[in-house]
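K.L.:
Dumping the structure here so I can ask a few things about it.
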Protein chains: 2
Amino acid sequence: MKKSRSTAPPDPAGAPPRAAERIRESARELFYREGIRAIGVDEIVSRAGVTKPSLYRSFASKDELAAAYLEDYDAAFWQRFDEGAAEHPGDPRAQLLVYLAGLAQRATKAGYRGCGLTNAAVEYPEPGHPARKVAEAHKRALRERLVAMAKQMGARDAQALGDGLLLLIEGTFASGQLFGKGGPARALVATAERLIDASVAED
Amino acid sequence: MKKSRSTAPPDPAGAPPRAAERIRESARELFYREGIRAIGVDEIVSRAGVTKPSLYRSFASKDELAAAYLEDYDAAFWQRFDEGAAEHPGDPRAQLLVYLAGLAQRATKAGYRGCGLTNAAVEYPEPGHPARKVAEAHKRALRERLVAMAKQMGARDAQALGDGLLLLIEGTFASGQLFGKGGPARALVATAERLIDASVAED
DNA sequence: CGCGGATGTTACTGACCGGTACGTACAGAG
DNA sequence: CTCTGTACGTACCGGTCAGTAACATCCGCG
C-alpha cells in the first residue's frame, strides 16, 4: 500500500509542494501551539510527511528553522495589522481600534497562545539567538509603528502614547493565554480608547 | 504508628542549610534567568552543591520542583507588592503607583527577564501542568486584587479598570524583556495615572 | 535513453535528558 | 559496642535530543 503516493495532491499550478514549504507549515503550527523548545525536529518532519535530512537540506539547524518560523509569523502579523487599517484610510485611531478589537476577540478565546514572537523571546533569553533576533526586530518595528500612529492622532506625547498602547497589546498577548475565555483582554478596546482620548485632549 | 516522635527533625532551631533549601535557591536563580525548559536537573544540583538523588528525595519530579519555584516566586511577588502598599495606608491609588514605579524601574534595565510566573505559563501551555497551575492561580489572585483596588479608587467600572491595569502590568513584564533598557515600560506610570484618572472621573 | 537535482530510507552518533538502584557516612538509643 | 533510621553520594538506566553519513529512488528535461 503506497498510500503516500495517493495522498500526494495533483499540484495545480505547476509548483509542487516543496518539502521545505511543508516543513515551514508544520513548524509554524507546532512551534506556535506547543512552544519551540517543547517540539523536537522529529515531530516536525513526521507531521510534514518528510524526513529529517530534508529539513537539514533547507535549514542549517533547528534554531534557524525557528527563526524562519518567526519570519513567517512576522509577515502574517503585519498583513493582519494592515488589512484592518485599510478599512479606515487616514484615520489612525480607527485603524488601530479595528486591530485591537480583533485581537481582543482572539485573546479571549480558550486555547489562545499569545504572540509567537513574544513567546519565542521568553523561551530564548540569550541575546544572540537567531529566534530572539527576529523577535526583537519585530517588536522594535511595532513600537515605531505605534508611535507614528500616535503622532498622527495628534498626541501631546506620541512616544508615551505609543508605548502605552504597546504595553496594552503585549499585556493582551500574555494575559490572553493565562486567562483564556473571559480574561482581562476584553477590556482592551475600552482601555485603549480611554488612553487615547486622555492623550490627545487639549491641555 | 506509635508515638512516632522520630519523624520530627531533631533540631528545629538552628537547622543547617538542608539540601532541599539549597536546591530551591539554585532552581529559583536558574529557572528564572534561563527558563525552566532550558535548565536540566544536573545543572541545578551541581550549582546547589548536592546530587540528583537529593533533589528527588524532596521533589517528586522536575515539574514539581518547577511548581515549588513558582510558589516561592509568588510569595516574593506579594511581599514586594504589599510592602509598597504599606507606605500609603488607605490610598489604593498611591499604593498601586508605588508598585508600578518600582516595576517600571526594574523592567527598563538591561537583562530584565519579566515575570517568572508568566514566563512559566508561556513555556508550559498544557492545561494541567503543575507549574502552569501555580501561575494561573497567581494571576487570578492578582486580577482580583487589582479589581478590588479599582473599586476602592471609586472607578465607575472597577472590573474594566482592574483589567486595564493588569494589561499594563503584563505588558511591562513582556516588553521589559524584549526591549531592555529604554523600553516602553518607562511609560508605565504615566499611562496608569492617565487611565485611572479617566476611569474615576465624573460622568 | 541518460543526466542531475530533489527527495526518501536507514542507520547511526554523541550528548544530554529525567529518574533510580544501591552503597555509605553519621547520629542517637539500647 | 551494635542496632537503626536518616541523609547523602556513586554509578548507572533507558530514552530522547539535534544532527549526519551513505545510499536509493523519483522525476523532469534534453
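Every chain in the C-alpha cells has a letter given in the order shown (A, B, ...), and although residue numbers restart at 1 in each chain, ligands are simply numbered from 1 in the order shown.
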Pick out the chain B residues within 9 Å of chain D. Count only C-alpha atoms (C1' of nucleotides). Give them as a list of chain:residue names.
P.N.:
B:Ser6, B:Val50, B:Thr51, B:Pro53, B:Ser54
K.L.:
How close does each residue of chain B get to chain C, giving the shortest atom pair and distance in Å to one decimal for every residue with an atom at most 10 Å away, counting only C-alpha atoms (C1' of nucleotides), sorted by chain and residue number, as JSON lines?
P.N.:
{"residue": "B:Gly40", "atom": "CA", "partner": "C:DC17", "partner_atom": "C1'", "distance": 7.4}
{"residue": "B:Val41", "atom": "CA", "partner": "C:DG18", "partner_atom": "C1'", "distance": 7.6}
{"residue": "B:Asp42", "atom": "CA", "partner": "C:DC17", "partner_atom": "C1'", "distance": 9.3}
{"residue": "B:Lys52", "atom": "CA", "partner": "C:DG19", "partner_atom": "C1'", "distance": 8.9}
{"residue": "B:Pro53", "atom": "CA", "partner": "C:DT20", "partner_atom": "C1'", "distance": 8.0}
{"residue": "B:Tyr56", "atom": "CA", "partner": "C:DG19", "partner_atom": "C1'", "distance": 8.2}
{"residue": "B:Ala60", "atom": "CA", "partner": "C:DG19", "partner_atom": "C1'", "distance": 9.9}
{"residue": "B:Ser61", "atom": "CA", "partner": "C:DG18", "partner_atom": "C1'", "distance": 8.1}
{"residue": "B:Lys62", "atom": "CA", "partner": "C:DG18", "partner_atom": "C1'", "distance": 7.6}
K.L.:
Could you give me, as a Markdown table, a per-residue list for chain B showing, wherever an atom lies at most 9 Å from an atom of chain A, the closest pair of atoms and their distance in Å to one decimal, using only C-alpha atoms and sorting by chain then residue number from low to high?
P.N.:
| residue | atom | partner | partner_atom | distance |
| --- | --- | --- | --- | --- |
| B:Arg33 | CA | A:Pro125 | CA | 7.9 |
| B:Glu34 | CA | A:Pro125 | CA | 6.5 |
| B:Gly35 | CA | A:Glu123 | CA | 6.6 |
| B:Ile36 | CA | A:Glu123 | CA | 8.9 |
| B:Arg37 | CA | A:Arg37 | CA | 7.1 |
| B:Ala38 | CA | A:Arg37 | CA | 7.9 |
| B:Gly111 | CA | A:Pro125 | CA | 8.6 |
| B:Arg113 | CA | A:Pro125 | CA | 7.6 |
| B:Gly114 | CA | A:Val122 | CA | 8.5 |
| B:Thr118 | CA | A:Ala174 | CA | 7.2 |
| B:Asn119 | CA | A:Val122 | CA | 6.2 |
| B:Ala121 | CA | A:Leu178 | CA | 6.8 |
| B:Val122 | CA | A:Asn119 | CA | 6.2 |
| B:Glu123 | CA | A:Gly35 | CA | 6.6 |
| B:Tyr124 | CA | A:Glu34 | CA | 7.8 |
| B:Pro125 | CA | A:Glu34 | CA | 6.5 |
| B:Glu126 | CA | A:Glu34 | CA | 7.9 |
| B:Arg132 | CA | A:Leu178 | CA | 8.8 |
| B:Ala135 | CA | A:Leu178 | CA | 8.0 |
| B:Glu136 | CA | A:Leu178 | CA | 6.1 |
| B:Lys139 | CA | A:Leu178 | CA | 7.4 |
| B:Arg140 | CA | A:Phe179 | CA | 7.8 |
| B:Arg143 | CA | A:Pro184 | CA | 8.2 |
| B:Gln159 | CA | A:Ala187 | CA | 8.5 |
| B:Ala160 | CA | A:Ala187 | CA | 5.5 |
| B:Leu161 | CA | A:Thr191 | CA | 7.7 |
| B:Gly162 | CA | A:Pro184 | CA | 8.3 |
| B:Asp163 | CA | A:Pro184 | CA | 4.7 |
| B:Gly164 | CA | A:Thr191 | CA | 5.9 |
| B:Leu165 | CA | A:Leu168 | CA | 8.9 |
| B:Leu166 | CA | A:Pro184 | CA | 7.3 |
| B:Leu167 | CA | A:Gly171 | CA | 4.2 |
| B:Leu168 | CA | A:Leu167 | CA | 5.3 |
| B:Ile169 | CA | A:Gly171 | CA | 6.9 |
| B:Glu170 | CA | A:Gly171 | CA | 4.4 |
| B:Gly171 | CA | A:Gly171 | CA | 3.7 |
| B:Thr172 | CA | A:Leu167 | CA | 5.9 |
| B:Phe173 | CA | A:Gly171 | CA | 8.1 |
| B:Ala174 | CA | A:Glu170 | CA | 6.4 |
| B:Ser175 | CA | A:Glu170 | CA | 6.8 |
| B:Gln177 | CA | A:Val122 | CA | 7.8 |
| B:Leu178 | CA | A:Glu136 | CA | 6.1 |
| B:Phe179 | CA | A:Glu136 | CA | 7.2 |
| B:Gly183 | CA | A:Asp163 | CA | 8.2 |
| B:Pro184 | CA | A:Asp163 | CA | 4.7 |
| B:Ala185 | CA | A:Leu167 | CA | 7.2 |
| B:Arg186 | CA | A:Asp163 | CA | 8.2 |
| B:Ala187 | CA | A:Ala160 | CA | 5.6 |
| B:Leu188 | CA | A:Gly164 | CA | 6.7 |
| B:Ala190 | CA | A:Ala160 | CA | 8.1 |
| B:Thr191 | CA | A:Gly164 | CA | 5.9 |
| B:Ala192 | CA | A:Gly164 | CA | 8.7 |
| B:Arg194 | CA | A:Ala198 | CA | 6.6 |
| B:Leu195 | CA | A:Leu195 | CA | 5.8 |
| B:Asp197 | CA | A:Ala198 | CA | 8.9 |
| B:Ala198 | CA | A:Arg194 | CA | 6.6 |
| B:Ser199 | CA | A:Arg194 | CA | 8.0 |
K.L.:
Over all Cα atoms paired in order, how far apart are chain A and chain B after a least-squares superposition, as an RMSD in Å?
P.N.:
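C-alpha RMSD after least-squares superposition: 6.3 Å.
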K.L.:
Taking only chain B into account, list the residues labelled alpha helix (DSSP H) by DSSP (computed from the backbone), as a short mmCIF file (atom, residue, chain, number, x, y, z; two decimals) with N, CA and C atoms, in the first residue's frame.
P.N.:
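The resulting file, selection-v2.cif, is shown below:
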data_model
loop_
_atom_site.label_atom_id
_atom_site.label_comp_id
_atom_site.auth_asym_id
_atom_site.auth_seq_id
_atom_site.Cartn_x
_atom_site.Cartn_y
_atom_site.Cartn_z
N ALA B 19 19.72 20.24 52.07
CA ALA B 19 19.90 20.10 50.62
C ALA B 19 18.70 20.66 49.87
N ALA B 20 17.49 20.39 50.37
CA ALA B 20 16.28 20.85 49.68
C ALA B 20 16.27 22.37 49.55
N GLU B 21 16.76 23.04 50.58
CA GLU B 21 16.74 24.50 50.55
C GLU B 21 17.73 25.04 49.52
N ARG B 22 18.89 24.44 49.48
CA ARG B 22 19.89 24.87 48.50
C ARG B 22 19.38 24.61 47.08
N ILE B 23 18.67 23.51 46.90
CA ILE B 23 18.12 23.21 45.59
C ILE B 23 17.09 24.25 45.19
N ARG B 24 16.22 24.62 46.12
CA ARG B 24 15.23 25.65 45.83
C ARG B 24 15.90 26.95 45.40
N GLU B 25 16.97 27.28 46.10
CA GLU B 25 17.67 28.53 45.77
C GLU B 25 18.22 28.50 44.35
N SER B 26 18.96 27.47 44.04
CA SER B 26 19.58 27.47 42.71
C SER B 26 18.52 27.28 41.63
N ALA B 27 17.45 26.55 41.94
CA ALA B 27 16.36 26.43 40.97
C ALA B 27 15.75 27.80 40.70
N ARG B 28 15.58 28.58 41.75
CA ARG B 28 15.00 29.91 41.59
C ARG B 28 15.86 30.76 40.66
N GLU B 29 17.14 30.76 40.90
CA GLU B 29 18.02 31.60 40.07
C GLU B 29 18.06 31.10 38.62
N LEU B 30 18.30 29.81 38.46
CA LEU B 30 18.50 29.29 37.10
C LEU B 30 17.20 29.26 36.31
N PHE B 31 16.11 28.80 36.92
CA PHE B 31 14.84 28.76 36.21
C PHE B 31 14.42 30.16 35.78
N TYR B 32 14.59 31.12 36.65
CA TYR B 32 14.16 32.47 36.31
C TYR B 32 15.02 33.05 35.19
N ARG B 33 16.31 32.91 35.35
CA ARG B 33 17.23 33.57 34.41
C ARG B 33 17.22 32.91 33.03
N GLU B 34 17.21 31.58 32.99
CA GLU B 34 17.38 30.88 31.72
C GLU B 34 16.09 30.26 31.19
N VAL B 41 18.16 19.20 35.37
CA VAL B 41 18.29 18.99 36.81
C VAL B 41 19.76 18.86 37.22
N ASP B 42 20.59 18.36 36.33
CA ASP B 42 22.01 18.26 36.66
C ASP B 42 22.61 19.62 36.97
N GLU B 43 22.22 20.60 36.17
CA GLU B 43 22.77 21.93 36.37
C GLU B 43 22.33 22.50 37.72
N ILE B 44 21.10 22.21 38.08
CA ILE B 44 20.60 22.72 39.36
C ILE B 44 21.35 22.09 40.53
N VAL B 45 21.47 20.78 40.53
CA VAL B 45 22.11 20.14 41.68
C VAL B 45 23.60 20.48 41.72
N SER B 46 24.22 20.63 40.57
CA SER B 46 25.65 20.95 40.59
C SER B 46 25.84 22.35 41.16
N ARG B 47 24.97 23.28 40.79
CA ARG B 47 25.08 24.62 41.35
C ARG B 47 24.77 24.64 42.84
N ALA B 48 23.86 23.78 43.24
CA ALA B 48 23.49 23.72 44.66
C ALA B 48 24.53 22.97 45.47
N LYS B 52 21.83 14.51 42.50
CA LYS B 52 20.48 14.34 41.96
C LYS B 52 19.53 13.59 42.89
N PRO B 53 19.95 12.50 43.49
CA PRO B 53 19.02 11.81 44.40
C PRO B 53 18.50 12.72 45.51
N SER B 54 19.33 13.66 45.96
CA SER B 54 18.84 14.59 46.97
C SER B 54 17.68 15.42 46.45
N LEU B 55 17.76 15.77 45.18
CA LEU B 55 16.65 16.52 44.59
C LEU B 55 15.38 15.67 44.61
N TYR B 56 15.51 14.42 44.19
CA TYR B 56 14.31 13.60 44.03
C TYR B 56 13.81 13.05 45.36
N ARG B 57 14.57 13.25 46.44
CA ARG B 57 14.03 12.93 47.76
C ARG B 57 13.10 14.03 48.25
N SER B 58 13.32 15.24 47.78
CA SER B 58 12.50 16.36 48.24
C SER B 58 11.43 16.76 47.23
N LYS B 62 10.91 16.97 38.18
CA LYS B 62 11.34 18.32 37.80
C LYS B 62 10.14 19.26 37.72
N ASP B 63 9.02 18.76 37.25
CA ASP B 63 7.83 19.59 37.16
C ASP B 63 7.39 20.08 38.53
N GLU B 64 7.49 19.21 39.53
CA GLU B 64 7.10 19.62 40.87
C GLU B 64 8.09 20.62 41.44
N LEU B 65 9.35 20.44 41.10
CA LEU B 65 10.35 21.44 41.52
C LEU B 65 10.05 22.79 40.89
N ALA B 66 9.65 22.76 39.63
CA ALA B 66 9.28 24.00 38.96
C ALA B 66 8.09 24.65 39.66
N ALA B 67 7.13 23.84 40.06
CA ALA B 67 5.97 24.38 40.77
C ALA B 67 6.39 25.00 42.10
N ALA B 68 7.32 24.33 42.80
CA ALA B 68 7.80 24.87 44.07
C ALA B 68 8.52 26.20 43.85
N TYR B 69 9.31 26.25 42.80
CA TYR B 69 9.98 27.52 42.47
C TYR B 69 8.96 28.63 42.25
N LEU B 70 7.89 28.32 41.57
CA LEU B 70 6.89 29.34 41.28
C LEU B 70 6.13 29.75 42.54
N GLU B 71 5.97 28.81 43.46
CA GLU B 71 5.32 29.20 44.72
C GLU B 71 6.21 30.16 45.50
N ASP B 72 7.50 29.91 45.50
CA ASP B 72 8.41 30.86 46.12
C ASP B 72 8.31 32.22 45.42
N TYR B 73 8.26 32.17 44.10
CA TYR B 73 8.18 33.41 43.33
C TYR B 73 6.90 34.17 43.67
N ASP B 74 5.82 33.43 43.77
CA ASP B 74 4.53 34.04 44.12
C ASP B 74 4.61 34.74 45.47
N ALA B 75 5.21 34.08 46.45
CA ALA B 75 5.32 34.68 47.79
C ALA B 75 6.16 35.95 47.73
N ALA B 76 7.27 35.90 46.99
CA ALA B 76 8.14 37.07 46.89
C ALA B 76 7.41 38.22 46.19
N PHE B 77 6.59 37.88 45.19
CA PHE B 77 5.83 38.93 44.49
C PHE B 77 4.93 39.68 45.45
N TRP B 78 4.16 38.94 46.22
CA TRP B 78 3.19 39.60 47.09
C TRP B 78 3.87 40.38 48.20
N GLN B 79 5.01 39.90 48.62
CA GLN B 79 5.74 40.67 49.63
C GLN B 79 6.13 42.03 49.07
N ARG B 80 6.65 42.02 47.84
CA ARG B 80 7.05 43.29 47.23
C ARG B 80 5.83 44.17 46.96
N PHE B 81 4.76 43.54 46.50
CA PHE B 81 3.55 44.30 46.21
C PHE B 81 3.01 44.96 47.47
N ASP B 82 3.03 44.23 48.56
CA ASP B 82 2.42 44.73 49.80
C ASP B 82 3.31 45.72 50.53
N GLU B 83 4.61 45.55 50.41
CA GLU B 83 5.48 46.45 51.17
C GLU B 83 5.43 47.86 50.60
N GLY B 84 5.16 47.98 49.31
CA GLY B 84 4.95 49.30 48.75
C GLY B 84 3.62 49.89 49.22
N ALA B 85 2.64 49.00 49.32
CA ALA B 85 1.31 49.46 49.73
C ALA B 85 1.31 49.98 51.16
N PRO B 92 -5.36 53.54 47.86
CA PRO B 92 -5.05 52.48 46.87
C PRO B 92 -4.38 53.02 45.61
N ARG B 93 -4.73 54.22 45.21
CA ARG B 93 -4.09 54.79 44.03
C ARG B 93 -2.59 54.94 44.24
N ALA B 94 -2.22 55.53 45.35
CA ALA B 94 -0.80 55.71 45.65
C ALA B 94 -0.12 54.36 45.86
N GLN B 95 -0.80 53.43 46.50
CA GLN B 95 -0.23 52.10 46.73
C GLN B 95 0.15 51.45 45.40
N LEU B 96 -0.78 51.49 44.47
CA LEU B 96 -0.52 50.86 43.18
C LEU B 96 0.61 51.56 42.44
N LEU B 97 0.60 52.88 42.50
CA LEU B 97 1.62 53.62 41.74
C LEU B 97 3.01 53.39 42.31
N VAL B 98 3.11 53.17 43.60
CA VAL B 98 4.42 52.84 44.17
C VAL B 98 4.93 51.54 43.57
N TYR B 99 4.07 50.55 43.54
CA TYR B 99 4.50 49.28 42.94
C TYR B 99 4.87 49.46 41.47
N LEU B 100 4.03 50.18 40.74
CA LEU B 100 4.28 50.35 39.32
C LEU B 100 5.59 51.10 39.06
N ALA B 101 5.88 52.06 39.90
CA ALA B 101 7.13 52.80 39.72
C ALA B 101 8.33 51.88 39.89
N GLY B 102 8.29 51.04 40.92
CA GLY B 102 9.38 50.09 41.12
C GLY B 102 9.48 49.11 39.97
N LEU B 103 8.34 48.63 39.52
CA LEU B 103 8.32 47.69 38.40
C LEU B 103 8.91 48.32 37.14
N ALA B 104 8.50 49.54 36.87
CA ALA B 104 8.99 50.21 35.67
C ALA B 104 10.50 50.37 35.72
N GLN B 105 11.01 50.64 36.90
CA GLN B 105 12.46 50.80 37.03
C GLN B 105 13.18 49.48 36.73
N ARG B 106 12.67 48.40 37.30
CA ARG B 106 13.29 47.09 37.07
C ARG B 106 13.18 46.69 35.59
N ALA B 107 12.02 46.96 35.01
CA ALA B 107 11.74 46.46 33.66
C ALA B 107 12.47 47.24 32.58
N GLY B 116 8.41 35.56 36.35
CA GLY B 116 8.66 34.13 36.29
C GLY B 116 7.40 33.32 36.11
N LEU B 117 6.28 33.81 36.63
CA LEU B 117 5.03 33.06 36.53
C LEU B 117 4.46 33.15 35.11
N THR B 118 4.46 34.35 34.55
CA THR B 118 4.01 34.48 33.17
C THR B 118 4.91 33.67 32.24
N ASN B 119 6.21 33.77 32.43
CA ASN B 119 7.14 33.02 31.58
C ASN B 119 6.88 31.52 31.66
N ALA B 120 6.60 31.03 32.85
CA ALA B 120 6.34 29.60 33.01
C ALA B 120 5.09 29.18 32.24
N ALA B 121 4.07 30.05 32.26
CA ALA B 121 2.85 29.73 31.53
C ALA B 121 3.11 29.70 30.03
N VAL B 122 4.04 30.54 29.57
CA VAL B 122 4.41 30.52 28.16
C VAL B 122 5.14 29.23 27.82
N GLU B 123 5.99 28.80 28.73
CA GLU B 123 6.77 27.58 28.47
C GLU B 123 5.93 26.32 28.56
N PRO B 130 1.74 21.17 36.49
CA PRO B 130 1.89 21.71 37.85
C PRO B 130 2.37 23.16 37.85
N ALA B 131 3.35 23.47 37.04
CA ALA B 131 3.85 24.84 37.01
C ALA B 131 2.77 25.80 36.51
N ARG B 132 2.06 25.42 35.49
CA ARG B 132 1.02 26.30 34.94
C ARG B 132 -0.08 26.54 35.95
N LYS B 133 -0.42 25.53 36.72
CA LYS B 133 -1.49 25.70 37.70
C LYS B 133 -1.12 26.78 38.72
N VAL B 134 0.12 26.76 39.16
CA VAL B 134 0.56 27.79 40.10
C VAL B 134 0.48 29.17 39.45
N ALA B 135 0.94 29.25 38.21
CA ALA B 135 0.94 30.53 37.52
C ALA B 135 -0.48 31.06 37.34
N GLU B 136 -1.38 30.20 36.93
CA GLU B 136 -2.74 30.65 36.68
C GLU B 136 -3.42 31.11 37.97
N ALA B 137 -3.19 30.36 39.04
CA ALA B 137 -3.79 30.75 40.32
C ALA B 137 -3.26 32.12 40.76
N HIS B 138 -1.98 32.32 40.57
CA HIS B 138 -1.39 33.61 40.93
C HIS B 138 -2.03 34.75 40.15
N LYS B 139 -2.20 34.55 38.86
CA LYS B 139 -2.72 35.64 38.03
C LYS B 139 -4.18 35.91 38.35
N ARG B 140 -4.92 34.88 38.66
CA ARG B 140 -6.31 35.11 39.09
C ARG B 140 -6.34 35.97 40.35
N ALA B 141 -5.44 35.65 41.30
CA ALA B 141 -5.39 36.42 42.54
C ALA B 141 -5.00 37.87 42.27
N LEU B 142 -4.04 38.06 41.37
CA LEU B 142 -3.61 39.42 41.05
C LEU B 142 -4.75 40.21 40.42
N ARG B 143 -5.47 39.54 39.54
CA ARG B 143 -6.60 40.23 38.89
C ARG B 143 -7.63 40.66 39.93
N GLU B 144 -7.96 39.76 40.84
CA GLU B 144 -8.94 40.12 41.88
C GLU B 144 -8.44 41.29 42.71
N ARG B 145 -7.18 41.25 43.04
CA ARG B 145 -6.62 42.31 43.85
C ARG B 145 -6.70 43.66 43.14
N LEU B 146 -6.41 43.66 41.87
CA LEU B 146 -6.43 44.92 41.12
C LEU B 146 -7.85 45.44 40.98
N VAL B 147 -8.79 44.54 40.76
CA VAL B 147 -10.18 44.98 40.66
C VAL B 147 -10.65 45.55 42.00
N ALA B 148 -10.22 44.90 43.08
CA ALA B 148 -10.59 45.41 44.41
C ALA B 148 -10.02 46.81 44.63
N MET B 149 -8.78 47.02 44.20
CA MET B 149 -8.18 48.34 44.36
C MET B 149 -8.90 49.36 43.48
N ALA B 150 -9.28 48.93 42.29
CA ALA B 150 -10.01 49.85 41.40
C ALA B 150 -11.34 50.26 42.04
N LYS B 151 -11.97 49.32 42.69
CA LYS B 151 -13.23 49.64 43.36
C LYS B 151 -12.99 50.66 44.48
N GLN B 152 -11.92 50.44 45.25
CA GLN B 152 -11.58 51.37 46.33
C GLN B 152 -11.28 52.77 45.79
N MET B 153 -10.73 52.80 44.57
CA MET B 153 -10.42 54.10 43.98
C MET B 153 -11.67 54.83 43.51
N ALA B 158 -15.12 49.11 37.93
CA ALA B 158 -13.91 48.62 38.61
C ALA B 158 -13.31 47.43 37.87
N GLN B 159 -14.14 46.57 37.34
CA GLN B 159 -13.63 45.41 36.60
C GLN B 159 -12.81 45.88 35.39
N ALA B 160 -13.33 46.85 34.68
CA ALA B 160 -12.63 47.32 33.49
C ALA B 160 -11.31 48.00 33.86
N LEU B 161 -11.31 48.80 34.89
CA LEU B 161 -10.07 49.47 35.29
C LEU B 161 -9.05 48.45 35.80
N GLY B 162 -9.51 47.51 36.63
CA GLY B 162 -8.60 46.48 37.13
C GLY B 162 -8.00 45.68 35.99
N ASP B 163 -8.82 45.32 35.02
CA ASP B 163 -8.31 44.56 33.88
C ASP B 163 -7.34 45.40 33.05
N GLY B 164 -7.69 46.67 32.87
CA GLY B 164 -6.78 47.54 32.12
C GLY B 164 -5.43 47.64 32.80
N LEU B 165 -5.44 47.76 34.11
CA LEU B 165 -4.17 47.83 34.85
C LEU B 165 -3.39 46.52 34.73
N LEU B 166 -4.12 45.41 34.74
CA LEU B 166 -3.44 44.12 34.57
C LEU B 166 -2.78 44.02 33.19
N LEU B 167 -3.48 44.52 32.17
CA LEU B 167 -2.87 44.53 30.84
C LEU B 167 -1.58 45.34 30.84
N LEU B 168 -1.60 46.49 31.50
CA LEU B 168 -0.39 47.30 31.55
C LEU B 168 0.74 46.59 32.27
N ILE B 169 0.42 45.91 33.35
CA ILE B 169 1.45 45.21 34.13
C ILE B 169 2.04 44.05 33.32
N GLU B 170 1.17 43.25 32.75
CA GLU B 170 1.67 42.13 31.93
C GLU B 170 2.44 42.64 30.72
N GLY B 171 1.97 43.71 30.15
CA GLY B 171 2.69 44.30 29.03
C GLY B 171 4.07 44.77 29.44
N THR B 172 4.20 45.23 30.67
CA THR B 172 5.51 45.64 31.17
C THR B 172 6.43 44.44 31.35
N PHE B 173 5.89 43.36 31.90
CA PHE B 173 6.68 42.14 32.03
C PHE B 173 7.24 41.71 30.68
N ALA B 174 6.38 41.68 29.69
CA ALA B 174 6.79 41.17 28.38
C ALA B 174 7.74 42.13 27.68
N SER B 175 7.33 43.39 27.56
CA SER B 175 8.14 44.31 26.77
C SER B 175 9.44 44.65 27.49
N GLY B 176 9.46 44.51 28.82
CA GLY B 176 10.70 44.75 29.54
C GLY B 176 11.80 43.81 29.10
N GLN B 177 11.44 42.54 28.87
CA GLN B 177 12.48 41.60 28.46
C GLN B 177 12.71 41.62 26.96
N LEU B 178 11.83 42.30 26.23
CA LEU B 178 12.04 42.40 24.78
C LEU B 178 12.92 43.59 24.44
N PHE B 179 12.76 44.68 25.19
CA PHE B 179 13.46 45.91 24.83
C PHE B 179 14.63 46.23 25.75
N LEU B 188 5.00 53.41 31.80
CA LEU B 188 4.00 52.68 32.59
C LEU B 188 3.26 53.58 33.58
N VAL B 189 3.99 54.31 34.40
CA VAL B 189 3.35 55.07 35.48
C VAL B 189 2.44 56.15 34.90
N ALA B 190 2.96 56.90 33.94
CA ALA B 190 2.15 57.97 33.36
C ALA B 190 0.89 57.40 32.71
N THR B 191 1.04 56.27 32.03
CA THR B 191 -0.11 55.65 31.38
C THR B 191 -1.14 55.21 32.41
N ALA B 192 -0.66 54.59 33.47
CA ALA B 192 -1.58 54.13 34.52
C ALA B 192 -2.31 55.30 35.16
N GLU B 193 -1.58 56.36 35.43
CA GLU B 193 -2.21 57.54 36.03
C GLU B 193 -3.32 58.08 35.12
N ARG B 194 -2.98 58.18 33.84
CA ARG B 194 -3.94 58.70 32.87
C ARG B 194 -5.19 57.81 32.85
N LEU B 195 -4.94 56.50 32.84
CA LEU B 195 -6.05 55.56 32.78
C LEU B 195 -6.92 55.64 34.03
N ILE B 196 -6.27 55.71 35.19
CA ILE B 196 -7.04 55.78 36.44
C ILE B 196 -7.86 57.06 36.47
N ASP B 197 -7.23 58.17 36.15
CA ASP B 197 -7.95 59.44 36.19
C ASP B 197 -9.14 59.43 35.26
N ALA B 198 -8.96 58.82 34.09
CA ALA B 198 -10.06 58.79 33.13
C ALA B 198 -11.15 57.82 33.55
N SER B 199 -10.84 56.94 34.51
CA SER B 199 -11.81 55.91 34.90
C SER B 199 -12.56 56.26 36.17
N VAL B 200 -12.09 57.25 36.89
CA VAL B 200 -12.77 57.63 38.12
C VAL B 200 -13.45 58.99 37.99
#
K.L.:
In Å to one decimal, how far is atom CA of A:Lys109 from atom CA of A:Glu87?
P.N.:
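For atom CA of A:Glu87 relative to atom CA of A:Lys109, the distance reads 24.4 Å.
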K.L.:
Take atom CA of A:Ile39 and atom CA of A:Gly128 and report the distance between them in Å, one decimal.
P.N.:
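Separation between atom CA of A:Ile39 and atom CA of A:Gly128: 21.0 Å.
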K.L.:
Would you mind reading off the distance between atom CA of B:Phe59 and atom CA of B:Arg18, one decimal, in Å?
P.N.:
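Distance reported for this atom pair: 13.5 Å.
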